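**Student:** You'll find model.pdb just under this line, and it carries PDB, C-alpha atoms.
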ATOM      1  CA  MET P   1     -74.690-103.056   2.530
ATOM      2  CA  PRO P   2     -75.553-101.066  -0.609
ATOM      3  CA  LEU P   3     -72.292 -99.100  -0.331
ATOM      4  CA  ALA P   4     -70.096-102.191  -0.727
ATOM      5  CA  PRO P   5     -70.130-102.161  -4.560
ATOM      6  CA  CYS P   6     -69.148 -98.472  -4.524
ATOM      7  CA  PHE P   7     -66.177 -99.180  -2.274
ATOM      8  CA  ALA P   8     -65.127-102.087  -4.487
ATOM      9  CA  TYR P   9     -65.373 -99.857  -7.551
ATOM     10  CA  ALA P  10     -63.327 -97.149  -5.827
ATOM     11  CA  ALA P  11     -60.694 -99.711  -4.834
ATOM     12  CA  GLY P  12     -60.528-100.890  -8.439
ATOM     13  CA  LEU P  13     -60.071 -97.317  -9.640
ATOM     14  CA  LYS P  14     -57.289 -96.826  -7.131
ATOM     15  CA  ARG P  15     -55.502 -99.953  -8.392
ATOM     16  CA  ALA P  16     -55.870 -98.744 -11.985
ATOM     17  CA  HIS P  17     -54.568 -95.332 -11.023
ATOM     18  CA  ASN P  18     -51.557 -96.911  -9.314
ATOM     19  CA  LEU P  19     -50.902 -99.015 -12.426
ATOM     20  CA  PHE P  20     -50.877 -95.931 -14.648
ATOM     21  CA  ALA P  21     -48.925 -93.879 -12.122
ATOM     22  CA  GLN P  22     -46.077 -96.399 -12.226
ATOM     23  CA  GLY P  23     -45.134 -95.115 -15.685
ATOM     24  CA  ASN P  24     -46.635 -97.627 -18.081
ATOM     25  CA  PRO P  25     -44.763 -96.850 -21.332
ATOM     26  CA  LEU P  26     -47.736 -97.578 -23.582
ATOM     27  CA  VAL P  27     -49.912 -95.151 -21.689
ATOM     28  CA  ASP P  28     -47.172 -92.508 -21.800
ATOM     29  CA  LEU P  29     -46.751 -92.921 -25.569
ATOM     30  CA  ALA P  30     -50.505 -92.871 -26.158
ATOM     31  CA  GLN P  31     -50.521 -89.238 -25.083
ATOM     32  CA  TYR P  32     -48.493 -88.399 -28.206
ATOM     33  CA  LEU P  33     -50.845 -90.152 -30.626
ATOM     34  CA  PRO P  34     -52.807 -86.981 -31.590
ATOM     35  CA  ILE P  35     -49.539 -85.191 -32.309
ATOM     36  CA  LEU P  36     -48.326 -88.067 -34.478
ATOM     37  CA  ILE P  37     -51.626 -88.109 -36.369
ATOM     38  CA  PHE P  38     -51.372 -84.348 -36.911
ATOM     39  CA  LEU P  39     -47.782 -84.644 -38.164
ATOM     40  CA  GLY P  40     -48.746 -87.486 -40.484
ATOM     41  CA  ILE P  41     -51.597 -85.496 -42.008
ATOM     42  CA  ALA P  42     -49.354 -82.422 -42.333
ATOM     43  CA  LEU P  43     -46.637 -84.420 -44.101
ATOM     44  CA  LEU P  44     -49.190 -86.036 -46.405
ATOM     45  CA  LEU P  45     -50.761 -82.702 -47.342
ATOM     46  CA  SER P  46     -47.450 -80.911 -47.825
ATOM     47  CA  GLY P  47     -46.107 -83.756 -49.934
ATOM     48  CA  THR P  48     -49.284 -83.679 -51.999
ATOM     49  CA  PHE P  49     -49.041 -79.919 -52.551
ATOM     50  CA  VAL P  50     -45.390 -80.224 -53.594
ATOM     51  CA  PHE P  51     -45.351 -83.338 -55.742
ATOM     52  CA  LEU P  52     -48.845 -83.396 -57.277
ATOM     53  CA  PRO P  53     -48.299 -80.287 -59.468
ATOM     54  CA  MET P  54     -45.006 -81.740 -60.699
ATOM     55  CA  LEU P  55     -46.687 -85.033 -61.535
ATOM     56  CA  VAL P  56     -49.571 -83.318 -63.324
ATOM     57  CA  GLY P  57     -47.097 -81.190 -65.266
ATOM     58  CA  ARG P  58     -45.212 -84.275 -66.426
ATOM     59  CA  LEU P  59     -48.384 -86.134 -67.363
ATOM     60  CA  THR P  60     -49.986 -83.264 -69.281
ATOM     61  CA  GLY P  61     -46.902 -82.651 -71.400
ATOM     62  CA  ALA P  62     -45.935 -79.324 -69.923
ATOM     63  CA  HIS P  63     -42.374 -80.607 -69.422
ATOM     64  CA  GLN P  64     -41.076 -80.733 -72.990
ATOM     65  CA  PRO P  65     -38.127 -78.360 -73.190
ATOM     66  CA  ASP P  66     -37.126 -77.040 -76.592
ATOM     67  CA  PRO P  67     -34.873 -74.139 -77.615
ATOM     68  CA  ALA P  68     -37.771 -71.661 -77.663
ATOM     69  CA  LYS P  69     -38.783 -72.553 -74.093
ATOM     70  CA  LEU P  70     -35.203 -72.367 -72.858
ATOM     71  CA  SER P  71     -34.488 -68.971 -74.438
ATOM     72  CA  GLU P  72     -34.310 -65.700 -72.496
ATOM     73  CA  TYR P  73     -37.762 -64.316 -71.870
ATOM     74  CA  GLU P  74     -37.216 -61.584 -69.292
ATOM     75  CA  CYS P  75     -35.347 -59.014 -71.340
ATOM     76  CA  GLY P  76     -35.412 -60.508 -74.826
ATOM     77  CA  PHE P  77     -31.683 -60.887 -75.407
ATOM     78  CA  PRO P  78     -28.947 -63.097 -73.984
ATOM     79  CA  ALA P  79     -27.236 -62.025 -70.784
ATOM     80  CA  PHE P  80     -24.004 -60.047 -71.062
ATOM     81  CA  GLU P  81     -22.266 -61.887 -68.257
ATOM     82  CA  GLU P  82     -22.564 -64.950 -66.055
ATOM     83  CA  PRO P  83     -25.885 -64.863 -64.172
ATOM     84  CA  ARG P  84     -24.241 -66.110 -60.969
ATOM     85  CA  SER P  85     -21.999 -63.065 -60.667
ATOM     86  CA  GLN P  86     -21.682 -61.347 -57.302
ATOM     87  CA  PHE P  87     -23.656 -58.236 -56.454
ATOM     88  CA  ASP P  88     -22.021 -55.148 -55.083
ATOM     89  CA  VAL P  89     -22.199 -54.878 -51.293
ATOM     90  CA  ARG P  90     -23.852 -51.471 -51.619
ATOM     91  CA  PHE P  91     -26.901 -53.169 -53.109
ATOM     92  CA  TYR P  92     -27.346 -55.124 -49.883
ATOM     93  CA  LEU P  93     -26.817 -52.006 -47.766
ATOM     94  CA  VAL P  94     -29.525 -50.141 -49.641
ATOM     95  CA  ALA P  95     -31.821 -53.168 -49.340
ATOM     96  CA  ILE P  96     -31.282 -53.359 -45.570
ATOM     97  CA  LEU P  97     -31.938 -49.625 -45.213
ATOM     98  CA  PHE P  98     -35.109 -50.008 -47.248
ATOM     99  CA  ILE P  99     -36.322 -52.799 -44.953
ATOM    100  CA  ILE P 100     -35.562 -50.711 -41.864
ATOM    101  CA  PHE P 101     -37.517 -47.707 -43.100
ATOM    102  CA  ASP P 102     -40.299 -49.882 -44.422
ATOM    103  CA  LEU P 103     -40.693 -51.328 -40.933
ATOM    104  CA  GLU P 104     -40.739 -47.794 -39.572
ATOM    105  CA  ALA P 105     -43.749 -47.088 -41.747
ATOM    106  CA  ALA P 106     -45.372 -50.281 -40.481
ATOM    107  CA  PHE P 107     -44.997 -48.957 -36.923
ATOM    108  CA  LEU P 108     -46.290 -45.500 -37.834
ATOM    109  CA  PHE P 109     -49.708 -46.571 -39.099
ATOM    110  CA  PRO P 110     -50.976 -48.262 -35.912
ATOM    111  CA  TRP P 111     -49.444 -45.453 -33.856
ATOM    112  CA  ALA P 112     -51.305 -42.826 -35.869
ATOM    113  CA  VAL P 113     -54.596 -44.707 -35.559
ATOM    114  CA  SER P 114     -54.334 -45.101 -31.782
ATOM    115  CA  LEU P 115     -52.800 -41.707 -30.999
ATOM    116  CA  ASP P 116     -55.933 -40.388 -29.305
ATOM    117  CA  GLN P 117     -55.936 -43.373 -26.919
ATOM    118  CA  ILE P 118     -52.241 -43.464 -25.995
ATOM    119  CA  GLY P 119     -51.908 -39.726 -25.359
ATOM    120  CA  TRP P 120     -48.746 -37.710 -24.905
ATOM    121  CA  ALA P 121     -46.689 -40.629 -23.611
ATOM    122  CA  GLY P 122     -47.279 -42.534 -26.856
ATOM    123  CA  TRP P 123     -46.508 -39.450 -28.902
ATOM    124  CA  ALA P 124     -43.216 -38.873 -27.057
ATOM    125  CA  THR P 125     -42.218 -42.520 -27.408
ATOM    126  CA  MET P 126     -42.810 -42.432 -31.165
ATOM    127  CA  MET P 127     -40.855 -39.194 -31.508
ATOM    128  CA  ILE P 128     -37.892 -40.844 -29.766
ATOM    129  CA  PHE P 129     -38.236 -43.808 -32.128
ATOM    130  CA  ILE P 130     -38.315 -41.555 -35.193
ATOM    131  CA  ALA P 131     -35.343 -39.535 -33.889
ATOM    132  CA  GLU P 132     -33.301 -42.737 -33.535
ATOM    133  CA  LEU P 133     -34.155 -43.729 -37.089
ATOM    134  CA  VAL P 134     -33.285 -40.275 -38.404
ATOM    135  CA  LEU P 135     -29.924 -40.488 -36.621
ATOM    136  CA  GLY P 136     -29.379 -43.883 -38.264
ATOM    137  CA  LEU P 137     -30.242 -42.436 -41.667
ATOM    138  CA  VAL P 138     -27.870 -39.494 -41.178
ATOM    139  CA  TYR P 139     -25.117 -41.898 -40.116
ATOM    140  CA  ALA P 140     -25.679 -44.118 -43.178
ATOM    141  CA  TRP P 141     -25.745 -41.045 -45.418
ATOM    142  CA  LYS P 142     -22.474 -39.704 -43.978
ATOM    143  CA  LYS P 143     -20.805 -43.114 -44.351
ATOM    144  CA  GLY P 144     -21.803 -43.186 -48.015
ATOM    145  CA  ALA P 145     -24.141 -46.168 -47.838
ATOM    146  CA  LEU P 146     -26.651 -44.337 -50.052
ATOM    147  CA  ASP P 147     -24.133 -43.252 -52.711
ATOM    148  CA  TRP P 148     -24.401 -45.268 -55.891
ATOM    149  CA  GLU P 149     -21.751 -44.985 -58.592
TER
END
Would you write out, as structure tokens, the structure that this file holds?

**Tutor:**
Amino acid sequence: MPLAPCFAYAAGLKRAHNLFAQGNPLVDLAQYLPILIFLGIALLLSGTFVFLPMLVGRLTGAHQPDPAKLSEYECGFPAFEEPRSQFDVRFYLVAILFIIFDLEAAFLFPWAVSLDQIGWAGWATMMIFIAELVLGLVYAWKKGALDWE
């Protein structure tokens, strides 16, 4: 007879399991509570980091524009033309080429450090990679992407 309470407890657990298995919406939504708490804290912190410096700046008097504060401070004299003028497309081409070759250097450093571990296969792979980039540079050079007038 001492096993009867255990069977009753097991039967109760089975009923509870069946209740939750039927798709109780509150139980399903409760699984998302930690995510909602995390999002709430993230929004609170990001809002604090964005708006608190602006509020402190307003309260401490840092936001009092006058002609001296609004004058040109980068080069010392007024701009010759409208600051929203368009840049030449060649500027963007040179910038993209710079990014490409900068990334090449980022790949070269770990390759050079691990060259003794990766052996000849790693060396050959990197030589193919460098050859492709050199071909790209020659192509850009021939097309005139590096010419600046």

**Student:** At what distance in Å, to one decimal, does atom CA of P:Leu133 lie from atom CA of P:Phe101?

**Tutor:** 8.0 Å

**Student:** Report as a list in words the full result of the PyMOL selection byres ((chain P and resi 136-144) around 10) when it is applied to this structure.

**Tutor:**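 Listing what the PyMOL selection byres ((chain P and resi 136-144) around 10) selects in the shown file: Arg90, Leu93, Val94, Leu97, Ile100, Phe101, Ile130, Ala131, Glu132, Leu133, Val134, Leu135, Ala145, Leu146, Asp147 and Trp148 of chain P.
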
**Student:** What is the atom CA of P:Pro110-atom CA of P:Trp123 distance in Å, reported with one decimal?

**Tutor:**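 A separation of 12.1 Å between them.
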
**Student:** Could you please determine the separation between atom CA of P:Leu108 and atom CA of P:Phe129 in Å, to one decimal place?

**Tutor:** 10.0 Å

**Student:** Could you list, as a PyMOL selection string, every residue within 9 Å of P:Gly122, counting all atoms listed in the file and ignoring same-chain residues fewer than 6 positions away?

**Tutor:** chain P and resi 111+114-115
